[in-house]
Amino acid sequence: MSTLLEIKSSVLRQVQSRQSLLRKAQTPSSTETRSSTRDITSADGGDRGNGEFFERMKSILQKQENLQRSAHSEDPMESRAPPPPETPGQSRAAERPGLTRRELDLLYEEALYTTVNRAGVTSGEYVTNEGELFRYLQEVFKVGSDEHDVILQRVREAKRASYALKVSVMEGKNLLAKDANGYSDPYCMLGILLGQSPKETEEKKERKFSFRKKKDKFEKRSSVREVLPARYIQVTEVKPETLNPVWNEHFVFEIDDVYSDQLHLDIWDHDDDVSVSEACKKLNEISGFKGMGRYFKQIAKSVRANGTAGAAVEENVDDFLGCLNISIHEIPVAGVDKWFKLEPRSSTSSVQGECRLILKLTTTQRDTVLSKKDSYIPVHEMLLHQILEYEHAQFGTEPYSWSGDLSKPAWTVLSHHAVQTDLSPLQQAIIRWQSYSKHHQVQSMDYSFLLELLRSIEDKWDPAALHRELEQSLAESFSVFTEYCLALLKRMREVFPVTSTSAITRFDFLLRCLGQIHSMQAFKRVCPFRNELHVEITAVVKRSTLEWYEATVSSFKPEDCSLEAQLRILVQVVDAVHVDVHRSQNVYNKLFISTVKVDYYSITYRQLEKLVADDVSTAMERVCGTLDQEGTKMTQSMGETLFELYITLKALKQYREFLPLKDAKALALCGFHEWFKTSIHKWLQIVHNKSCDRIRKAVEVDKLEHVDALSKHSSSAVDVTTCFNQVKEFWVQLAWPDSAGAFIFVARLTDDVCSAAVCYSELIKRKIERSQHGQENKHLTNQLCIALNNIEHVRKFLWNLPRDLNWKSLEVAMQESCGPGGKEQVRKALNAQLLNVDLDLQREVKRMIAHLTDKMVYDLKKYIQHISLSPDSIHNDDAVSPLMKYLDDTLVILSESLVKANLDRVLEGLWTLLLKLILDTVAENRGVSVEFYGRFYYTAKVLVEFFHAEGAGLAVEDLRNEDYKALEEELRLNKCSSNELIEQYYLEKIGQQKTLKQTKFGRISVKCYYEASEQKLYVEILHAADLIALDTNGLSDPFVIIELCPQHWFPTAKSQRTQVKNKTLHPVFDELFQFQVTPAQYKKRFACIVFTVMDYDWLSTNDFAGEAICRLSDFCGPDKPSVPGGVKNVQPFILHLARPKPSEKPILKMLEARTSDREAQEFVKKLKEIEKSMGEGD
């Protein structure tokens, strides 16, 4: 286990011998080294003042808080600024050449042809006025009236478009059950009814058309047209045993007249093996219209045969389930997907259910130049592009927010063109995406609209319906758009700043678009070999971050080439990185993770953290190399810069908390504090020097007046604690992570603060001493009180150091690194510093309190003398009153001027002084009247109540200290009579006997028995043992004297003695004695029997061998049981002998001082003779 000294030495050696943390840095030239040395070691004369130093330190810490606050306040929701323009460079979409005038004219012709050949029902979002559409197209293509008329004339003379109807028979539901099993076997027959005459129309109202008519109806037809009213009759599959069939079959019918033709559909229940359905399936095998007519006649014959058969045959006829008649001109432009309710063919028919059809009109032939191309897709894309440019130009003041909404004329033209060119929904979606995405790269628009276009492609995706050319163009659009977005992503800090709501919203949808593209089936089909999105984004983010960091570094121009200037630039760079990291964590990362599943924060933080670490470690190698030179001192400005750099790095390092656990390890800044270890030691010395200077200045300017009405200290105390608090705050902000290094720094900081506090106490004391000459006593007392409060104010701050400097965590860290011994050593070392400074401060306080109380000595002596000289006849209150009034007046002033802790200390000092003065007075007046001591005894009691002040003052236990108890005992005894003193003397001896255990003077065995009826006390001395040898032969001639004491209480009882037992230390006496004792006598607590063992000398005075004493009430009294046989049957008891020296008793001195009291003198004389017989050697 290392000791604290070993830990400290080890850490210091590490600081002195620390090698460069980054090997790539080159050794600075000698010129640079000399320049760096001048930076660090230049004289402090140019440094700022002490107050400015602490203000500068405070501003450094405040700057970090401001950075955090400003970063949090960058809420994009509060900013309505427009986003910066998106100019990522020349994109491939922007390189696309524009259309020539010839191409524009042909495209204009295509648009006019589409307008002239409109078909289908329009809704409210379409323009029906042809003139309005022409005017709109003129504006889009910038075509004059004359040119328009020429092209329009050419269009009108061209052949009109030929239409076709696409029919998808999807499903039916709730059909009528025709079979015995409760189901039907439904199939559909459908075809186009040609335009009809008005008469036919009237007949149709009475009876619905059906593909299966009776015989006479067919025989009336004289031509194929009359026999076959439906063109291209088609039939679906039979769906057996269902009332909800699903067909999903698709058919195409040519249309003669979109305004009069109708779509007719029958639904039949299939019953026979060969029916109309089987016959109709072979229509596609017939070539020529006449062949089809002949084959349909065969179908009709089969129908007629079925119609004339018997009941058995009739059962095999297909049953009618319902029909539909839909006019072609009622179909909407964009087609219709709808459930149609089935109709009966006559008023007597019974039908039910619905059939779902998808109907769409398209053209099969167009007479325009562009229609002769292999595909209409590029034509429609060119038309959409031309319209987009015009529509976007018409948008309001924020073109970047255009969501792609088209005007009614634009929508009308584009919709009709898509229908007429038979573009599928998927093709239209792809064309719209390609056109809008290309247009966006030239002129920005709303990304959310682009996202909807991508989703539209995904919703309509059908790889089977896509030809190769469209796949290639779609793949190219995906690639171009991705490259465009990645280029913007590289400049995201500039193009999408967090301070702009619209920019962040756009960035969010940009990422969503990228994520949508790479998750689409279409993208995986057309771009199978492209890198995964997160790989591309990660690479772009890394390049972007590196370029941003390099640009940030180059943007700060140093004032000079000095090392300090380079460090200041590093501070600015780290601050900028701090802000960027916060933005990435708080704003950008959320967008990246939610949209493209890329941890943007981890990528950028690890990269920026490494870049910062490389630059800072290189600079700090130079700093440490200079500071390690012997005798090198650090300037204040360099210290401030290094401190600021450390704080900024610490703030940047804290962002690792937001990294995933696996990424938070092995970061470049993990041990950055090691780079600052040498400079921190130098910086702490600067802080200590500046603190001492500030304290001296604070004391100089202090007027020793209260800072405000609620405070009892002066300005210097506030300055000192503020200074200490700033030092504490600096350490808290350092947050040194290494436990061993932290202990060294904390120990030094604690020592510096403590020494500065002691320095302050000495400075304030000297200021008081210098100012006391020529001042009034009251004013000086007030200044002393303020000075005491100042020291107490600082002292209270020091006792918060363990909490402020977080000693607890330091102890825990040392325990983890060095074991329990390390924790204990840290606690002892730091607490010792605090206790020592507290003792120093309390010594200064005591000196100042002594100085304060010394000014009261004269007055106190005067009032105590007044008590001493007061006649015995005066009442005690009157004798004490002057002293109490003086104390009351004085303490009122002190309580107003002192804080509670100092008031208690002054009270303690004053209490000690009063006790000493009273004790001195009593000692000077030995042998005076009892009333004299009574007055001072009363005075002591009154003073205890006064200083306790009903709990508001000193505690009673503190007032009744050893000095008070000695005084109280002195006064109590002195005010007693001589007999009372003698009684007290025996009470004390009885108490001492009870506590007496084994002694070297031996013991005596006795029996005592009180015969109440006779009022006699029987005492039997049995034997003694282990007596001390008092003769030269090593033995003694012992005998025992038995007497009842005190003598004045037993005036008739004479002392009795045993026989002398020669030459023995273990005499056996076995002698019985009796004394006359009344109950009134033995009830007193002081009534006792004294056994005195003496050594008989026939040529000289007997020697005192020891004595023992016991209280009479221990074996006398009505509560003691009577023993048959008396003393002979009583159990003996042992008493240990003692050889006290009576002259050491205060009571004996008091009695000796009463020279006029004969009893007192005789008592003292007797005890002195016994003491004299003990010999000087004892």
# chains A, B, ... in the order shown; residues from 1 in each chain; ligands from 1
>>> residues_around(residues="region 389-392 of chain A", least_positions_apart="5", cutoff="8 Å", atoms="only C-alpha atoms", output="list in words")
Val140, Pro399, Trp402, Gly404, Leu406, Ser407 and His439 of chain A
>>> residues_around(residues="Val718 (chain A)", least_positions_apart="5", cutoff="9 Å", atoms="only C-alpha atoms", output="PyMOL selection string")
chain A and resi 707+713+723+790+793-794
>>> write_last_selection(atoms="N, CA and C atoms", output="PDB file, in the first residue's frame")
ATOM      1  N   VAL A 707     -21.529  45.452   5.987  1.00  0.00           N
ATOM      2  CA  VAL A 707     -21.806  45.583   4.555  1.00  0.00           C
ATOM      3  C   VAL A 707     -23.261  45.960   4.303  1.00  0.00           C
ATOM      4  N   HIS A 713     -20.657  41.454   9.340  1.00  0.00           N
ATOM      5  CA  HIS A 713     -19.265  41.451   8.913  1.00  0.00           C
ATOM      6  C   HIS A 713     -19.057  42.571   7.907  1.00  0.00           C
ATOM      7  N   CYS A 723     -13.499  35.245  -3.163  1.00  0.00           N
ATOM      8  CA  CYS A 723     -12.257  34.773  -3.775  1.00  0.00           C
ATOM      9  C   CYS A 723     -12.119  33.266  -3.597  1.00  0.00           C
ATOM     10  N   ASN A 790     -15.781  38.787  10.906  1.00  0.00           N
ATOM     11  CA  ASN A 790     -15.112  38.519   9.627  1.00  0.00           C
ATOM     12  C   ASN A 790     -14.404  37.169   9.657  1.00  0.00           C
ATOM     13  N   HIS A 793     -16.873  34.401   9.615  1.00  0.00           N
ATOM     14  CA  HIS A 793     -17.452  34.258   8.273  1.00  0.00           C
ATOM     15  C   HIS A 793     -16.532  33.416   7.385  1.00  0.00           C
ATOM     16  N   VAL A 794     -15.238  33.692   7.454  1.00  0.00           N
ATOM     17  CA  VAL A 794     -14.266  32.928   6.669  1.00  0.00           C
ATOM     18  C   VAL A 794     -14.163  31.505   7.209  1.00  0.00           C
TER      19      VAL A 794
END
>>> atom_distance(atom1="CA of Lys682 (chain A)", atom2="CA of Ile695 (chain A)")
20.2 Å
>>> select_by_dssp(residues="region 896-956 of chain A", states="alpha helix (DSSP H)", output="MDAnalysis selection string")
chainID A and resid 896:897 900:924 930:948 956
>>> residues_around(residues="Ser1005 (chain A)", least_positions_apart="6", cutoff="12 Å", atoms="only C-alpha atoms", output="PyMOL selection string")
chain A and resi 1019-1026+1040+1066-1071+1091+1108+1131-1137
>>> select_by_dssp(residues="region 853-1086 of chain A", states="strand (DSSP E)", output="PyMOL selection string")
chain A and resi 1003-1011+1016-1025+1038-1045+1056-1057+1068-1076
>>> residues_around(residues="Phe1163 (chain A)", least_positions_apart="6", cutoff="12 Å", atoms="only C-alpha atoms", output="list in words")
Ser978, Asn979, Leu981, Ile982, Glu983, Tyr985, Tyr986, Cys1045, Pro1046, Gln1047, His1048, Pro1142, Ser1143, Ile1147, Leu1148, Lys1149, Met1150, Leu1151, Glu1152, Arg1154, Thr1155, Asp1157, Glu1169 and Ile1170 of chain A
>>> write_last_selection(atoms="N, CA and C atoms", output="PDB file, in the first residue's frame")
ATOM      1  N   SER A 978     -17.666  25.720  61.354  1.00  0.00           N
ATOM      2  CA  SER A 978     -16.547  24.782  61.522  1.00  0.00           C
ATOM      3  C   SER A 978     -17.057  23.369  61.672  1.00  0.00           C
ATOM      4  N   ASN A 979     -18.117  23.182  62.462  1.00  0.00           N
ATOM      5  CA  ASN A 979     -18.671  21.844  62.615  1.00  0.00           C
ATOM      6  C   ASN A 979     -19.167  21.286  61.279  1.00  0.00           C
ATOM      7  N   LEU A 981     -18.000  22.053  58.390  1.00  0.00           N
ATOM      8  CA  LEU A 981     -16.827  21.706  57.600  1.00  0.00           C
ATOM      9  C   LEU A 981     -16.271  20.362  58.033  1.00  0.00           C
ATOM     10  N   ILE A 982     -16.255  20.133  59.379  1.00  0.00           N
ATOM     11  CA  ILE A 982     -15.760  18.844  59.868  1.00  0.00           C
ATOM     12  C   ILE A 982     -16.670  17.717  59.391  1.00  0.00           C
ATOM     13  N   GLU A 983     -17.970  17.942  59.422  1.00  0.00           N
ATOM     14  CA  GLU A 983     -18.911  16.938  58.920  1.00  0.00           C
ATOM     15  C   GLU A 983     -18.672  16.665  57.426  1.00  0.00           C
ATOM     16  N   TYR A 985     -15.921  17.029  55.930  1.00  0.00           N
ATOM     17  CA  TYR A 985     -14.657  16.310  55.839  1.00  0.00           C
ATOM     18  C   TYR A 985     -14.884  14.805  55.951  1.00  0.00           C
ATOM     19  N   TYR A 986     -15.716  14.392  56.929  1.00  0.00           N
ATOM     20  CA  TYR A 986     -15.978  12.966  57.108  1.00  0.00           C
ATOM     21  C   TYR A 986     -16.855  12.384  55.988  1.00  0.00           C
ATOM     22  N   CYS A1045     -17.016   9.421  65.089  1.00  0.00           N
ATOM     23  CA  CYS A1045     -16.739  10.765  64.584  1.00  0.00           C
ATOM     24  C   CYS A1045     -17.978  11.276  63.849  1.00  0.00           C
ATOM     25  N   PRO A1046     -18.117  12.606  63.750  1.00  0.00           N
ATOM     26  CA  PRO A1046     -17.193  13.603  64.325  1.00  0.00           C
ATOM     27  C   PRO A1046     -17.387  13.735  65.835  1.00  0.00           C
ATOM     28  N   GLN A1047     -16.395  14.251  66.443  1.00  0.00           N
ATOM     29  CA  GLN A1047     -16.369  14.264  67.911  1.00  0.00           C
ATOM     30  C   GLN A1047     -17.460  15.148  68.484  1.00  0.00           C
ATOM     31  N   HIS A1048     -17.764  16.260  67.791  1.00  0.00           N
ATOM     32  CA  HIS A1048     -18.792  17.162  68.317  1.00  0.00           C
ATOM     33  C   HIS A1048     -20.180  16.524  68.232  1.00  0.00           C
ATOM     34  N   PRO A1142      -4.089  14.712  55.344  1.00  0.00           N
ATOM     35  CA  PRO A1142      -5.168  15.694  55.559  1.00  0.00           C
ATOM     36  C   PRO A1142      -4.813  17.102  55.119  1.00  0.00           C
ATOM     37  N   SER A1143      -3.549  17.440  55.163  1.00  0.00           N
ATOM     38  CA  SER A1143      -3.168  18.826  54.840  1.00  0.00           C
ATOM     39  C   SER A1143      -3.499  19.186  53.410  1.00  0.00           C
ATOM     40  N   ILE A1147     -10.703  21.705  52.919  1.00  0.00           N
ATOM     41  CA  ILE A1147     -11.465  21.947  54.150  1.00  0.00           C
ATOM     42  C   ILE A1147     -10.512  22.209  55.315  1.00  0.00           C
ATOM     43  N   LEU A1148      -9.400  21.459  55.317  1.00  0.00           N
ATOM     44  CA  LEU A1148      -8.445  21.641  56.413  1.00  0.00           C
ATOM     45  C   LEU A1148      -7.820  23.028  56.363  1.00  0.00           C
ATOM     46  N   LYS A1149      -7.595  23.539  55.167  1.00  0.00           N
ATOM     47  CA  LYS A1149      -7.047  24.892  55.042  1.00  0.00           C
ATOM     48  C   LYS A1149      -8.051  25.924  55.527  1.00  0.00           C
ATOM     49  N   MET A1150      -9.327  25.687  55.205  1.00  0.00           N
ATOM     50  CA  MET A1150     -10.351  26.634  55.666  1.00  0.00           C
ATOM     51  C   MET A1150     -10.439  26.628  57.193  1.00  0.00           C
ATOM     52  N   LEU A1151     -10.405  25.429  57.760  1.00  0.00           N
ATOM     53  CA  LEU A1151     -10.469  25.347  59.215  1.00  0.00           C
ATOM     54  C   LEU A1151      -9.226  25.972  59.853  1.00  0.00           C
ATOM     55  N   GLU A1152      -8.102  25.747  59.227  1.00  0.00           N
ATOM     56  CA  GLU A1152      -6.865  26.305  59.762  1.00  0.00           C
ATOM     57  C   GLU A1152      -6.882  27.823  59.743  1.00  0.00           C
ATOM     58  N   ARG A1154      -9.385  29.660  60.321  1.00  0.00           N
ATOM     59  CA  ARG A1154     -10.274  30.174  61.370  1.00  0.00           C
ATOM     60  C   ARG A1154      -9.532  30.101  62.725  1.00  0.00           C
ATOM     61  N   THR A1155      -8.645  30.987  62.871  1.00  0.00           N
ATOM     62  CA  THR A1155      -7.775  30.987  64.066  1.00  0.00           C
ATOM     63  C   THR A1155      -8.528  31.260  65.345  1.00  0.00           C
ATOM     64  N   ASP A1157     -11.446  30.065  66.091  1.00  0.00           N
ATOM     65  CA  ASP A1157     -12.362  28.953  66.386  1.00  0.00           C
ATOM     66  C   ASP A1157     -11.547  27.825  67.030  1.00  0.00           C
ATOM     67  N   GLU A1169      -1.022  15.996  63.597  1.00  0.00           N
ATOM     68  CA  GLU A1169      -0.172  15.097  64.372  1.00  0.00           C
ATOM     69  C   GLU A1169      -0.138  13.705  63.730  1.00  0.00           C
ATOM     70  N   ILE A1170      -1.319  13.246  63.287  1.00  0.00           N
ATOM     71  CA  ILE A1170      -1.354  11.957  62.590  1.00  0.00           C
ATOM     72  C   ILE A1170      -0.488  12.006  61.331  1.00  0.00           C
TER      73      ILE A1170
END
>>> atom_distance(atom1="CA of Thr999 (chain A)", atom2="CA of Gln1074 (chain A)")
28.4 Å
>>> atom_distance(atom1="CA of Met189 (chain A)", atom2="CA of Ile267 (chain A)")
6.4 Å
>>> residues_around(residues="region 1028-1033 of chain A", least_positions_apart="4", cutoff="7 Å", atoms="only C-alpha atoms", output="ChimeraX atom specification")
/A:1001-1002,1065,1095,1105
>>> write_last_selection(atoms="N, CA, C and O atoms", output="tab-separated table (two decimals), in the first residue's frame")
chain	number	residue	atom	x	y	z
A	1001	PHE	N	-1.54	-0.81	51.94
A	1001	PHE	CA	-1.49	-0.58	53.39
A	1001	PHE	C	-2.21	-1.68	54.18
A	1001	PHE	O	-2.31	-1.60	55.40
A	1002	GLY	N	-2.73	-2.67	53.52
A	1002	GLY	CA	-3.36	-3.79	54.22
A	1002	GLY	C	-4.84	-3.61	54.41
A	1002	GLY	O	-5.48	-2.71	53.83
A	1065	LEU	N	2.74	-8.40	61.08
A	1065	LEU	CA	2.01	-7.63	60.05
A	1065	LEU	C	0.63	-8.22	59.81
A	1065	LEU	O	-0.14	-7.70	58.99
A	1095	ASP	N	1.28	1.93	64.94
A	1095	ASP	CA	2.43	1.09	65.30
A	1095	ASP	C	2.99	1.62	66.63
A	1095	ASP	O	3.38	2.79	66.72
A	1105	ALA	N	-0.22	3.77	60.76
A	1105	ALA	CA	-0.12	2.67	59.78
A	1105	ALA	C	-1.25	2.69	58.76
A	1105	ALA	O	-1.14	2.13	57.68
>>> residues_around(residues="Leu1072 (chain A)", least_positions_apart="5", cutoff="12 Å", atoms="only C-alpha atoms", output="PyMOL selection string")
chain A and resi 1006-1009+1017-1023+1040+1042+1056-1059+1126-1128
